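Peer 1: For reference, the file structure.cif (mmCIF, C-alpha atoms) is included below:
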data_final
loop_
_atom_site.group_PDB
_atom_site.id
_atom_site.type_symbol
_atom_site.label_atom_id
_atom_site.label_comp_id
_atom_site.auth_asym_id
_atom_site.auth_seq_id
_atom_site.Cartn_x
_atom_site.Cartn_y
_atom_site.Cartn_z
ATOM 1 C CA MET A 16 0.000 0.000 0.000
ATOM 2 C CA ILE A 17 1.233 3.479 -0.908
ATOM 3 C CA ASN A 18 2.100 5.927 1.866
ATOM 4 C CA TYR A 19 0.620 9.038 0.241
ATOM 5 C CA GLY A 20 2.073 11.357 2.860
ATOM 6 C CA ALA A 21 5.594 10.223 1.952
ATOM 7 C CA LEU A 22 4.743 10.265 -1.762
ATOM 8 C CA TYR A 23 3.583 13.890 -1.617
ATOM 9 C CA PHE A 24 6.426 15.005 0.642
ATOM 10 C CA ASP A 25 8.997 13.500 -1.734
ATOM 11 C CA HIS A 26 7.172 15.142 -4.636
ATOM 12 C CA TYR A 27 7.277 18.537 -2.915
ATOM 13 C CA THR A 28 10.972 18.123 -2.138
ATOM 14 C CA LYS A 29 11.708 17.306 -5.771
ATOM 15 C CA PHE A 30 9.930 20.405 -7.095
ATOM 16 C CA LEU A 31 10.008 22.906 -4.221
ATOM 17 C CA GLY A 32 13.036 22.014 -2.101
ATOM 18 C CA GLU A 33 12.913 21.836 1.681
ATOM 19 C CA PRO A 34 10.057 23.521 3.570
ATOM 20 C CA ILE A 35 10.917 26.569 5.665
ATOM 21 C CA ASP A 36 8.047 26.005 8.106
ATOM 22 C CA ARG A 37 5.178 23.687 8.934
ATOM 23 C CA GLU A 38 1.870 24.220 10.703
ATOM 24 C CA VAL A 39 -0.433 21.429 11.860
ATOM 25 C CA TYR A 40 -4.205 21.915 11.974
ATOM 26 C CA LYS A 41 -6.823 19.633 13.526
ATOM 27 C CA TYR A 42 -10.573 19.786 13.127
ATOM 28 C CA SER A 43 -11.179 17.345 15.963
ATOM 29 C CA GLU A 44 -9.260 14.700 17.880
ATOM 30 C CA GLU A 45 -10.978 11.936 15.895
ATOM 31 C CA MET A 46 -10.047 13.307 12.461
ATOM 32 C CA PRO A 47 -6.614 13.266 10.812
ATOM 33 C CA SER A 48 -4.678 16.521 10.900
ATOM 34 C CA ILE A 49 -3.745 18.577 7.858
ATOM 35 C CA GLN A 50 -0.274 20.049 7.699
ATOM 36 C CA ILE A 51 0.523 23.202 5.789
ATOM 37 C CA LEU A 52 4.123 23.253 4.577
ATOM 38 C CA LYS A 53 5.695 26.566 3.535
ATOM 39 C CA TYR A 54 8.283 26.950 0.789
ATOM 40 C CA ASP A 55 10.362 29.960 -0.180
ATOM 41 C CA ASN A 56 12.359 30.748 -3.334
ATOM 42 C CA VAL A 57 9.964 28.977 -5.701
ATOM 43 C CA PHE A 58 8.283 32.089 -7.122
ATOM 44 C CA GLU A 59 9.804 35.535 -6.729
ATOM 45 C CA GLU A 60 8.640 37.327 -3.568
ATOM 46 C CA CYS A 61 6.060 34.625 -2.837
ATOM 47 C CA LEU A 62 5.581 31.753 -0.439
ATOM 48 C CA VAL A 63 4.145 28.433 -1.561
ATOM 49 C CA TYR A 64 1.829 26.703 0.894
ATOM 50 C CA THR A 65 1.184 23.009 0.316
ATOM 51 C CA THR A 66 -1.058 20.632 2.196
ATOM 52 C CA LEU A 67 -0.040 17.287 3.555
ATOM 53 C CA GLY A 68 -2.767 15.075 4.982
ATOM 54 C CA LEU A 69 -5.750 16.061 2.847
ATOM 55 C CA SER A 70 -5.166 12.823 0.927
ATOM 56 C CA LYS A 71 -6.235 10.953 4.098
ATOM 57 C CA TYR A 72 -9.753 12.134 3.264
ATOM 58 C CA THR A 73 -9.881 10.374 -0.111
ATOM 59 C CA GLU A 74 -13.269 8.771 0.663
ATOM 60 C CA ILE A 75 -14.747 12.262 0.979
ATOM 61 C CA MET A 76 -12.650 13.975 -1.708
ATOM 62 C CA GLY A 77 -13.160 11.179 -4.210
ATOM 63 C CA ASP A 78 -9.436 11.099 -5.017
ATOM 64 C CA TYR A 79 -5.986 11.409 -3.519
ATOM 65 C CA ILE A 80 -5.534 15.154 -3.615
ATOM 66 C CA GLU A 81 -3.416 17.858 -2.012
ATOM 67 C CA ILE A 82 -3.508 21.618 -2.513
ATOM 68 C CA SER A 83 -0.907 24.265 -3.320
ATOM 69 C CA MET A 84 -1.466 27.975 -2.726
ATOM 70 C CA VAL A 85 0.987 30.712 -3.726
ATOM 71 C CA VAL A 86 0.778 34.168 -2.171
ATOM 72 C CA ASP A 87 2.859 37.320 -2.349
ATOM 73 C CA GLY A 88 1.539 38.607 0.987
ATOM 74 C CA ALA A 89 -0.716 37.717 3.920
ATOM 75 C CA PHE A 90 1.902 35.222 5.039
ATOM 76 C CA LYS A 91 0.538 34.958 8.590
ATOM 77 C CA SER A 92 -3.066 34.322 7.540
ATOM 78 C CA SER A 93 -2.915 32.235 4.355
ATOM 79 C CA GLY A 94 -2.127 28.821 5.850
ATOM 80 C CA TYR A 95 -4.755 29.166 8.561
ATOM 81 C CA ILE A 96 -7.439 30.277 6.110
ATOM 82 C CA LEU A 97 -6.569 27.486 3.664
ATOM 83 C CA ALA A 98 -6.684 24.804 6.372
ATOM 84 C CA ASN A 99 -9.996 26.139 7.661
ATOM 85 C CA LYS A 100 -11.578 26.058 4.189
ATOM 86 C CA LEU A 101 -10.267 22.533 3.585
ATOM 87 C CA PHE A 102 -11.801 21.292 6.841
ATOM 88 C CA TYR A 103 -15.027 23.008 5.766
ATOM 89 C CA CYS A 104 -14.918 20.912 2.577
ATOM 90 C CA VAL A 105 -14.210 17.730 4.550
ATOM 91 C CA HIS A 106 -16.942 18.423 7.093
ATOM 92 C CA ASN A 107 -19.470 19.121 4.315
ATOM 93 C CA GLN A 108 -18.231 16.169 2.210
ATOM 94 C CA MET A 109 -17.377 18.386 -0.744
ATOM 95 C CA HIS A 110 -15.196 17.115 -3.578
ATOM 96 C CA ILE A 111 -12.378 19.536 -4.320
ATOM 97 C CA GLY A 112 -11.790 20.066 -8.002
ATOM 98 C CA ARG A 113 -11.650 22.708 -10.667
ATOM 99 C CA GLY A 114 -14.356 25.286 -10.186
ATOM 100 C CA LEU A 115 -15.008 25.082 -6.466
ATOM 101 C CA ALA A 116 -15.161 28.313 -4.479
ATOM 102 C CA ILE A 117 -15.723 28.608 -0.756
ATOM 103 C CA SER A 118 -16.723 31.997 0.627
ATOM 104 C CA GLY A 119 -16.887 33.168 4.233
ATOM 105 C CA VAL A 120 -13.243 34.085 4.862
ATOM 106 C CA GLU A 121 -14.555 37.010 6.943
ATOM 107 C CA ASN A 122 -15.787 34.447 9.499
ATOM 108 C CA ILE A 123 -12.204 33.219 9.907
ATOM 109 C CA ASP A 124 -10.128 36.393 9.571
ATOM 110 C CA ALA A 125 -12.083 39.640 9.192
ATOM 111 C CA ALA A 126 -8.872 41.708 9.243
ATOM 112 C CA PHE A 127 -7.570 39.748 6.227
ATOM 113 C CA VAL A 128 -10.769 40.462 4.251
ATOM 114 C CA GLN A 129 -10.685 44.128 5.203
ATOM 115 C CA LYS A 130 -7.027 44.519 4.223
ATOM 116 C CA TYR A 131 -6.991 42.458 1.000
ATOM 117 C CA ASN A 132 -10.664 42.523 -0.108
ATOM 118 C CA LYS A 133 -10.577 38.747 -0.647
ATOM 119 C CA SER A 134 -13.399 36.806 0.966
ATOM 120 C CA ALA A 135 -13.309 33.426 -0.773
ATOM 121 C CA VAL A 136 -10.913 30.666 -1.795
ATOM 122 C CA TYR A 137 -11.114 29.318 -5.343
ATOM 123 C CA PHE A 138 -9.830 25.871 -6.380
ATOM 124 C CA THR A 139 -8.687 25.042 -9.897
ATOM 125 C CA GLU A 140 -6.033 23.321 -11.965
ATOM 126 C CA LEU A 141 -2.429 24.255 -11.259
ATOM 127 C CA TYR A 142 -1.039 27.388 -12.827
ATOM 128 C CA ALA A 143 2.616 28.443 -13.267
ATOM 129 C CA PHE A 144 4.036 25.181 -11.916
ATOM 130 C CA PRO A 145 5.769 22.664 -14.202
ATOM 131 C CA GLU A 146 3.229 20.279 -15.756
ATOM 132 C CA GLU A 147 4.861 17.310 -13.982
ATOM 133 C CA TYR A 148 4.078 18.922 -10.616
ATOM 134 C CA SER A 149 0.337 18.280 -11.038
ATOM 135 C CA ILE A 150 0.647 14.517 -10.410
ATOM 136 C CA ALA A 151 2.561 12.746 -7.643
ATOM 137 C CA CYS A 152 3.211 9.446 -9.428
ATOM 138 C CA THR A 153 3.057 6.167 -7.536
ATOM 139 C CA ASP A 154 4.968 4.123 -10.152
ATOM 140 C CA SER A 155 2.574 1.265 -9.439
ATOM 141 C CA ASN A 156 -1.011 0.238 -10.063
ATOM 142 C CA GLU A 157 -2.144 2.419 -7.155
ATOM 143 C CA LYS A 158 -3.874 5.737 -7.818
ATOM 144 C CA ASP A 159 -1.548 8.674 -8.439
ATOM 145 C CA GLY A 160 -1.859 11.710 -6.203
ATOM 146 C CA LYS A 161 -3.248 14.893 -7.748
ATOM 147 C CA LEU A 162 -2.427 18.495 -6.931
ATOM 148 C CA MET A 163 -4.752 21.452 -7.274
ATOM 149 C CA LEU A 164 -4.266 25.201 -6.912
ATOM 150 C CA ALA A 165 -6.125 27.416 -4.456
ATOM 151 C CA PHE A 166 -6.129 31.215 -4.501
ATOM 152 C CA PHE A 167 -8.040 34.070 -2.934
ATOM 153 C CA ILE A 168 -10.850 35.883 -4.743
ATOM 154 C CA SER A 169 -13.024 38.868 -3.879
ATOM 155 C CA GLN A 170 -16.715 38.661 -2.989
ATOM 156 C CA SER A 171 -17.697 40.198 -6.353
ATOM 157 C CA GLU A 172 -15.504 37.626 -8.152
ATOM 158 C CA TYR A 173 -17.149 34.887 -6.086
ATOM 159 C CA ASP A 174 -20.589 36.215 -7.069
ATOM 160 C CA TYR A 175 -19.551 36.298 -10.739
ATOM 161 C CA PHE A 176 -18.318 32.706 -10.475
ATOM 162 C CA ALA A 177 -21.554 31.617 -8.750
ATOM 163 C CA THR A 178 -23.608 33.251 -11.510
ATOM 164 C CA TYR A 179 -21.615 32.309 -14.630
ATOM 165 C CA GLY A 180 -19.632 29.211 -13.630
ATOM 166 C CA ALA A 181 -15.978 28.212 -13.652
ATOM 167 C CA GLU A 182 -15.413 28.433 -17.409
ATOM 168 C CA LYS A 183 -16.550 32.044 -17.757
ATOM 169 C CA PHE A 184 -14.890 33.034 -14.492
ATOM 170 C CA GLU A 185 -11.526 31.603 -15.495
ATOM 171 C CA ASP A 186 -11.879 33.140 -18.982
ATOM 172 C CA LEU A 187 -12.416 36.509 -17.320
ATOM 173 C CA LEU A 188 -9.322 36.071 -15.148
ATOM 174 C CA GLU A 189 -7.288 35.180 -18.230
ATOM 175 C CA GLU A 190 -8.679 38.084 -20.296
ATOM 176 C CA GLU A 191 -7.829 40.503 -17.491
ATOM 177 C CA ASN A 192 -4.365 38.931 -17.092
ATOM 178 C CA VAL A 193 -4.956 38.327 -13.382
ATOM 179 C CA ASP A 194 -2.051 37.143 -11.258
ATOM 180 C CA PRO A 195 -3.745 34.726 -8.821
ATOM 181 C CA PHE A 196 -0.698 34.866 -6.529
ATOM 182 C CA ASN A 197 -1.153 38.616 -5.927
ATOM 183 C CA VAL A 198 -3.259 38.831 -2.783
ATOM 184 C CA SER A 199 -3.472 42.648 -2.993
ATOM 185 C CA ARG A 200 -4.683 42.724 -6.595
ATOM 186 C CA SER A 201 -7.828 44.626 -7.439
ATOM 187 C CA SER A 202 -10.966 42.648 -8.107
ATOM 188 C CA VAL A 203 -11.717 42.148 -11.815
ATOM 189 C CA VAL A 204 -15.468 42.436 -11.214
#
If you convert what's in this file into structure tokens, what do you get?
Peer 2:
Amino acid sequence: MINYGALYFDHYTKFLGEPIDREVYKYSEEMPSIQILKYDNVFEECLVYTTLGLSKYTEIMGDYIEISMVVDGAFKSSGYILANKLFYCVHNQMHIGRGLAISGVENIDAAFVQKYNKSAVYFTELYAFPEEYSIACTDSNEKDGKLMLAFFISQSEYDYFATYGAEKFEDLLEEENVDPFNVSRSSVV
């Protein structure tokens, strides 16, 4: 049987190097924890946050999956917000995949929302990483581990997504040349 924690950690080390920090989050004593690993010097002036432990929830997620988030600011809040939104998905038995947005960041960190005007987390396919980074290969008949990207969006962007769907929302982001790593960016809606 594949140890997905080791598989993902080795995958991160191959592509991102050694983590500079690690935070552990628990929803309850009965549920597995989710770690947020932090990496520096991957993207200029950004930190990369990666999850380790979300793949333990494969029965809920529908797949072996972990999340990467890249931010150029909000370094103290990003990991906590990401972990909270992931536990929200687990608790509500939501499958994480392209075109999922979870609002309500103001309930977790109102100061973050006030400062950055971002009140939701959006999940999609990876962007700006090497293509090989999107799959943590098992080299066996076991299921490979997938990686997804999460980034912060404004309430008006969330509303646009909820109205028009992932395809139109992501087209809009592309048309407006949005940098999803820029936490301080202006809303495109």
Peer 1: Can you give me, as a VMD selection string, the residues this file yields under the PyMOL selection byres ((chain A and resi 63-80) around 7)?
Peer 2: chain A and resid 19 to 20 48 to 55 61 to 62 81 to 86 94 105 108 to 111 160 to 162
Peer 1: Go ahead and write the selection's residues with C-alpha atoms as a tab-separated table (two decimals), in the coordinates of the input.
Peer 2:
chain	number	residue	atom	x	y	z
A	19	TYR	CA	0.62	9.04	0.24
A	20	GLY	CA	2.07	11.36	2.86
A	48	SER	CA	-4.68	16.52	10.90
A	49	ILE	CA	-3.74	18.58	7.86
A	50	GLN	CA	-0.27	20.05	7.70
A	51	ILE	CA	0.52	23.20	5.79
A	52	LEU	CA	4.12	23.25	4.58
A	53	LYS	CA	5.70	26.57	3.54
A	54	TYR	CA	8.28	26.95	0.79
A	55	ASP	CA	10.36	29.96	-0.18
A	61	CYS	CA	6.06	34.62	-2.84
A	62	LEU	CA	5.58	31.75	-0.44
A	81	GLU	CA	-3.42	17.86	-2.01
A	82	ILE	CA	-3.51	21.62	-2.51
A	83	SER	CA	-0.91	24.26	-3.32
A	84	MET	CA	-1.47	27.98	-2.73
A	85	VAL	CA	0.99	30.71	-3.73
A	86	VAL	CA	0.78	34.17	-2.17
A	94	GLY	CA	-2.13	28.82	5.85
A	105	VAL	CA	-14.21	17.73	4.55
A	108	GLN	CA	-18.23	16.17	2.21
A	109	MET	CA	-17.38	18.39	-0.74
A	110	HIS	CA	-15.20	17.11	-3.58
A	111	ILE	CA	-12.38	19.54	-4.32
A	160	GLY	CA	-1.86	11.71	-6.20
A	161	LYS	CA	-3.25	14.89	-7.75
A	162	LEU	CA	-2.43	18.50	-6.93
Peer 1: Smallest atom-to-atom distance to Tyr179 (chain A): which of A:Gly114, A:Glu38, A:Asn18, A:Glu157, using only C-alpha atoms?
Peer 2: A:Gly114
Peer 1: Go through A:Tyr137, A:Pro47, A:Val204, A:Lys41 one by one, measure the shortest atom-to-atom distance of each to Tyr95 (chain A) using all atoms listed in the file, and give the residue with the smallest value.
Peer 2: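 For Tyr95 (chain A), the nearest of the given residues is A:Lys41.
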Peer 1: I'd like to know which of A:Asn99, A:Ser134, A:Thr153, A:Asn107 is closest to Asp25 (chain A), using all atoms listed in the file.
Peer 2: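 Closest residue, counting all atoms listed in the file: A:Thr153.
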Peer 1: CA of Gly112 (chain A) to CA of Glu190 (chain A): how many Å, to one decimal?
Peer 2: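 CA of Glu190 (chain A) lies 22.0 Å from CA of Gly112 (chain A).
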Peer 1: Report as a tab-separated table (two decimals) with C-alpha atoms, keeping the file's coordinate frame the residues that result from applying the PyMOL selection byres ((chain A and resi 196) around 10) to the structure here.
Peer 2:
chain	number	residue	atom	x	y	z
A	58	PHE	CA	8.28	32.09	-7.12
A	61	CYS	CA	6.06	34.62	-2.84
A	62	LEU	CA	5.58	31.75	-0.44
A	63	VAL	CA	4.14	28.43	-1.56
A	84	MET	CA	-1.47	27.98	-2.73
A	85	VAL	CA	0.99	30.71	-3.73
A	86	VAL	CA	0.78	34.17	-2.17
A	87	ASP	CA	2.86	37.32	-2.35
A	88	GLY	CA	1.54	38.61	0.99
A	142	TYR	CA	-1.04	27.39	-12.83
A	143	ALA	CA	2.62	28.44	-13.27
A	165	ALA	CA	-6.12	27.42	-4.46
A	166	PHE	CA	-6.13	31.22	-4.50
A	167	PHE	CA	-8.04	34.07	-2.93
A	193	VAL	CA	-4.96	38.33	-13.38
A	194	ASP	CA	-2.05	37.14	-11.26
A	195	PRO	CA	-3.74	34.73	-8.82
A	197	ASN	CA	-1.15	38.62	-5.93
A	198	VAL	CA	-3.26	38.83	-2.78
A	199	SER	CA	-3.47	42.65	-2.99
A	200	ARG	CA	-4.68	42.72	-6.60
Peer 1: Counting all atoms listed in the file, which of A:Thr28, A:Gln170, A:Asn156, A:Ser118 gets nearest to Tyr131 (chain A)?
Peer 2: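 Smallest distance to Tyr131 (chain A) is found for A:Gln170.
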Peer 1: Rounded to one decimal in Å, what is the spacing between CA of Phe102 (chain A) and CA of Ala116 (chain A)?
Peer 2: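 Atom-to-atom, CA of Phe102 (chain A) and CA of Ala116 (chain A) are spaced 13.7 Å apart.
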Peer 1: Please evaluate the PyMOL selection byres ((chain A and resi 203) around 8) against the structure above and give the resulting residues as a ChimeraX atom specification.
Peer 2: /A:172,187-188,191,193,201-202,204
Peer 1: Need to verify the contact set: Leu97 (chain A), 8 Å, all atoms listed in the file, exclusion of same-chain residues closer than 4 positions in sequence. Can you return it as a ChimeraX atom specification?
Peer 2: /A:93,101,136
Peer 1: I'd like to know which of A:Cys104, A:Glu45, A:Ile35, A:Met163 is closest to Ala151 (chain A), using only C-alpha atoms.
Peer 2: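 Distance minimum relative to Ala151 (chain A) lands on A:Met163.
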Peer 1: A:Asn56, A:Ser155, A:Ser171, A:Ser43: which is nearest Leu31 (chain A), counting all atoms listed in the file?
Peer 2: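 Distance minimum relative to Leu31 (chain A) lands on A:Asn56.
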Peer 1: Mind giving me the straight-line distance from CA of Ile168 (chain A) to CA of Ile117 (chain A) in Å, one decimal?
Peer 2: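 Between these atoms lies a distance of 9.6 Å.
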